[in-house]
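All remarks here apply to the structure that follows.
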Amino acid sequence: MVDSRSRRGGTLVAFVVVLLVVAGVAPGVTAAGTDADQVDADVDAGGEAGWVTAVDDGDATTAPQTADRPTLHQRTVAARNDEPGSVTLTFEYDIPSSVEELRVSVPVTSLSGISVGETDGFERSEQGWFRWDGETESPSFSLRLAVSDSLADGVRGVEREDWALVSEPNSRVQVQAPERPIRTKSFEVAEGEPGHADSHLAFLGEHDRRDVTVADENATFILRGEGADPTQAADFLRTANEHFDLGVQRGRVTVFVLPLREEETADIEAATVDTAFWIGTSGLALDGTGSVFAHEYVHTRLGPTGRDDATWLTEATAEYYGRVFSLNDGVGSYDAFLDGLRATEYAPDRRAVVLADGETWRGTTAHYTKGAHVLAALDAQIQRRTGGERSLRDVFEGRSEPFEDYEAFRAAVIETSGDEDLGPWLDRYVTTDDLPPLPENPRYYVAASSVDSDGDGMANGAELDANRHPFVEGEGPTVTTVTSVDDGTTPTATDGATATATATQAPTGTTDSDAPGFGFGVFVAAVATLLVGVRVGVRS
């Protein structure tokens, strides 16, 4: 899954979306299994019996994992070419003896800017499959991906004089065998070439590396360029992994810090694939609650959180929790936090937005802004209706799969709150263009009671008990108690107006479902070939 963050939806959006599509990730549109189902349908339609799909390691939903199941390993190797303008990815396979026949599909080979290079032990079929000859012990094929030194050219990656960044395309392996094998995968940089690859992203070139232990996880910073200091970001990760991880621990997080000029990150500032993301050097700074780094961190925790008419949840959760976690880490002021969270306008144009209808917000930042605003109000509702015993985090805590649709999310909210009446409340703000009042009571935004967010020597929980403001040093009492929050059923003129504003504000991180890249028509066609969902982020 990939996520990226954009400001105004300009040229860098194109680069990110194309880069993520190459990675087999579709911004908030598709999810794991979509392309797989289509390939199976194609096979059935073609009358080819006996082919089964190799099960990716760890996918227990497709087939049970057993110690004696045969293993098929796919090794993808990234390398720069002598001539600039393209990067080569080589796919190599170790095939268990039980496999009689094997074929590989890489959907993006049908797109412009990607060409097939050398093959060894594979032949290309009329249907586009790479089909193993059955004899070559370690067969391989290579793809050449067009890259450019400009982030605005809509190519498959970026290449500068002495470095490059590319994504690994998604692939599908089918076999004829007595037992369906497990596919393990690795992504590497070519031997002897400097660089680092992880989670479908590969940086090729000289770099500095900083390894940081954060709680039970390892964070790796791949740093290129002057001024790339990960100290503040690493400190945030330490606090976040201990207090804000949403019950989803990862073994590692990898951050690729690129030497991008400020104007190059004016539109999109970052992109996340699974547990890795890239950002520009300025993205390491946590100087406000709209921090791109915090937004991407949430994406590494939750990944895509919604499908179908719940697609908006992916960017809304990253935007909301990115801001909340930054605030709790002592970043920014409380007033600025509320200003950044309040949805008043959806870049780049003015329109009414219905979150459950993606056509109404496609091409805008409303799934970030209105989505985060609605989640803030929903969080307060859950806390109010449960007397502070539960919160929105309980809806997402420990989830490994996105909600299939809005109804599934709605049901989880009702189950968490224990209040059926919350369903109609949520419907009003998700299935219409209404906007609830934004809660201003700071107690609803406390993500960890043991953290001292305002640095006054008193933990947040103790400040709430003393009726003091947890985010403003020395201030009290807090705005209201947990039992008196506005339930949002009658929006006020200032806080509850329908959001249809102008195109000047954008959010922090995102999995965009229709960011420009190939052009909208080509983009949609490309997305239809993909397996996993991408997150593209926007900054306000």
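Labeling convention for the structure tokens: chains A, B, ... as they appear, residues from 1 per chain, ligands from 1 in order of appearance.
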If you count only C-alpha atoms, which residues fall within 10 Å of Asp394 (chain A), apart from same-chain ones fewer than 6 positions away, as a list in words?
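Listed by chain and then number, they are Leu246, Gly247, Asp379, Ile382, Ala412, Val413, Thr416 and Ser417 of chain A.
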For the structure I just gave you, how does DSSP split region 136-344 of chain A - specifically, which residues are strand (DSSP E or B)? Reply as a ChimeraX atom specification.
/A:140-146,148,157-160,163-167,172-176,182-189,195-198,201-205,208-214,217-223,252-258,268-273,276-280,306
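Among the candidates A:Leu145, A:Ala177, A:Ala356, A:Leu165, the residue lying nearest to Leu102 (chain A) is A:Ala177 (atoms considered: only C-alpha atoms).
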Applying 9 Å and only C-alpha atoms, which residues near Arg252 (chain A) remain after dropping the ones on its own chain fewer than 3 positions away? List them as a list in words.
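Residues near the query, excluding close chain neighbours: Asp216, Glu217, Asn218, Ala219, Thr220, Gln249, Thr275 and Ala276 of chain A.
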Take the residues that were just selected and, keeping C-alpha atoms, output them as a short mmCIF file (atom, residue, chain, number, x, y, z; two decimals), in the first residue's frame.
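part.cif, freshly written:
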data_model
loop_
_atom_site.label_atom_id
_atom_site.label_comp_id
_atom_site.auth_asym_id
_atom_site.auth_seq_id
_atom_site.Cartn_x
_atom_site.Cartn_y
_atom_site.Cartn_z
CA ASP A 216 9.95 -2.74 19.84
CA GLU A 217 10.63 -1.60 16.31
CA ASN A 218 13.63 -0.66 14.21
CA ALA A 219 13.50 2.56 12.21
CA THR A 220 15.94 3.08 9.34
CA GLN A 249 3.21 -2.91 15.84
CA THR A 275 6.05 0.27 6.22
CA ALA A 276 8.29 2.58 4.18
#
Give me the residues near Asn81 (chain A) as a PDB file with C-alpha atoms, in the first residue's frame, where near means some atom within 12 Å (using only C-alpha atoms) and where sequence neighbours in that chain fewer than 2 positions away do not count.
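Contents of the output file selection23.pdb:
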ATOM      1  CA  ALA A  78      16.963  -2.775  -8.910  1.00  0.00           C
ATOM      2  CA  ALA A  79      19.867  -1.263 -10.852  1.00  0.00           C
ATOM      3  CA  GLU A  83      22.588   5.515 -20.018  1.00  0.00           C
ATOM      4  CA  PRO A  84      20.291   7.849 -18.056  1.00  0.00           C
ATOM      5  CA  GLY A  85      16.545   7.726 -18.531  1.00  0.00           C
ATOM      6  CA  SER A  86      15.627   4.296 -17.207  1.00  0.00           C
ATOM      7  CA  VAL A  87      16.132   1.917 -14.317  1.00  0.00           C
ATOM      8  CA  THR A  88      16.166  -1.872 -14.680  1.00  0.00           C
ATOM      9  CA  LEU A  89      14.276  -4.238 -12.382  1.00  0.00           C
ATOM     10  CA  GLY A 117      14.363  -6.295 -21.284  1.00  0.00           C
ATOM     11  CA  LEU A 143      11.808  -4.607 -17.030  1.00  0.00           C
ATOM     12  CA  ARG A 144      13.100  -1.153 -17.908  1.00  0.00           C
ATOM     13  CA  LEU A 145      11.214   1.685 -16.220  1.00  0.00           C
ATOM     14  CA  ALA A 146      11.444   5.165 -17.694  1.00  0.00           C
ATOM     15  CA  VAL A 147      12.665   7.764 -15.200  1.00  0.00           C
ATOM     16  CA  GLU A 159      16.600  10.012 -11.462  1.00  0.00           C
ATOM     17  CA  GLU A 161      22.825  12.711 -11.727  1.00  0.00           C
ATOM     18  CA  ASP A 162      23.910  10.482  -8.858  1.00  0.00           C
ATOM     19  CA  TRP A 163      20.740   8.945  -7.383  1.00  0.00           C
ATOM     20  CA  ALA A 164      17.373   7.499  -8.331  1.00  0.00           C
ATOM     21  CA  ALA A 190      22.071  -4.788  -7.395  1.00  0.00           C
ATOM     22  CA  GLU A 193      25.696  -0.667  -6.371  1.00  0.00           C
ATOM     23  CA  LEU A 204      19.838   3.926  -5.760  1.00  0.00           C
TER      24      LEU A 204
END
Option closest in space to Thr386 (chain A), from A:Asp339, A:Asp454, A:Glu359, A:Asp419 [counting only C-alpha atoms]
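Answer, going by the shortest atom-to-atom distance: A:Asp419.
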Closest to Asp198 (chain A) among A:Arg261, A:Arg103, A:Arg210, A:Lys185, using only C-alpha atoms?
A:Lys185
Which residues of region 384-492 of chain A come within 9 Å of region 324-333 of chain A, and for each one, what is the closest pair of atoms and their distance in Å to one decimal, counting only C-alpha atoms, sorted by chain and residue number, as a tab-separated table?
residue	atom	partner	partner_atom	distance
A:Tyr445	CA	A:Val324	CA	6.3
A:Val446	CA	A:Asn328	CA	6.6
A:Ala447	CA	A:Asn328	CA	6.4
A:Ala448	CA	A:Asn328	CA	7.3
A:Val451	CA	A:Asn328	CA	7.2
A:Asp452	CA	A:Gly330	CA	7.8
A:Ser453	CA	A:Gly330	CA	4.5
A:Asp454	CA	A:Gly330	CA	5.9
A:Gly455	CA	A:Gly330	CA	7.5
A:Asn460	CA	A:Asn328	CA	8.7
A:Pro470	CA	A:Asn328	CA	8.8
A:Phe471	CA	A:Ser333	CA	7.6
A:Val472	CA	A:Ser333	CA	7.7
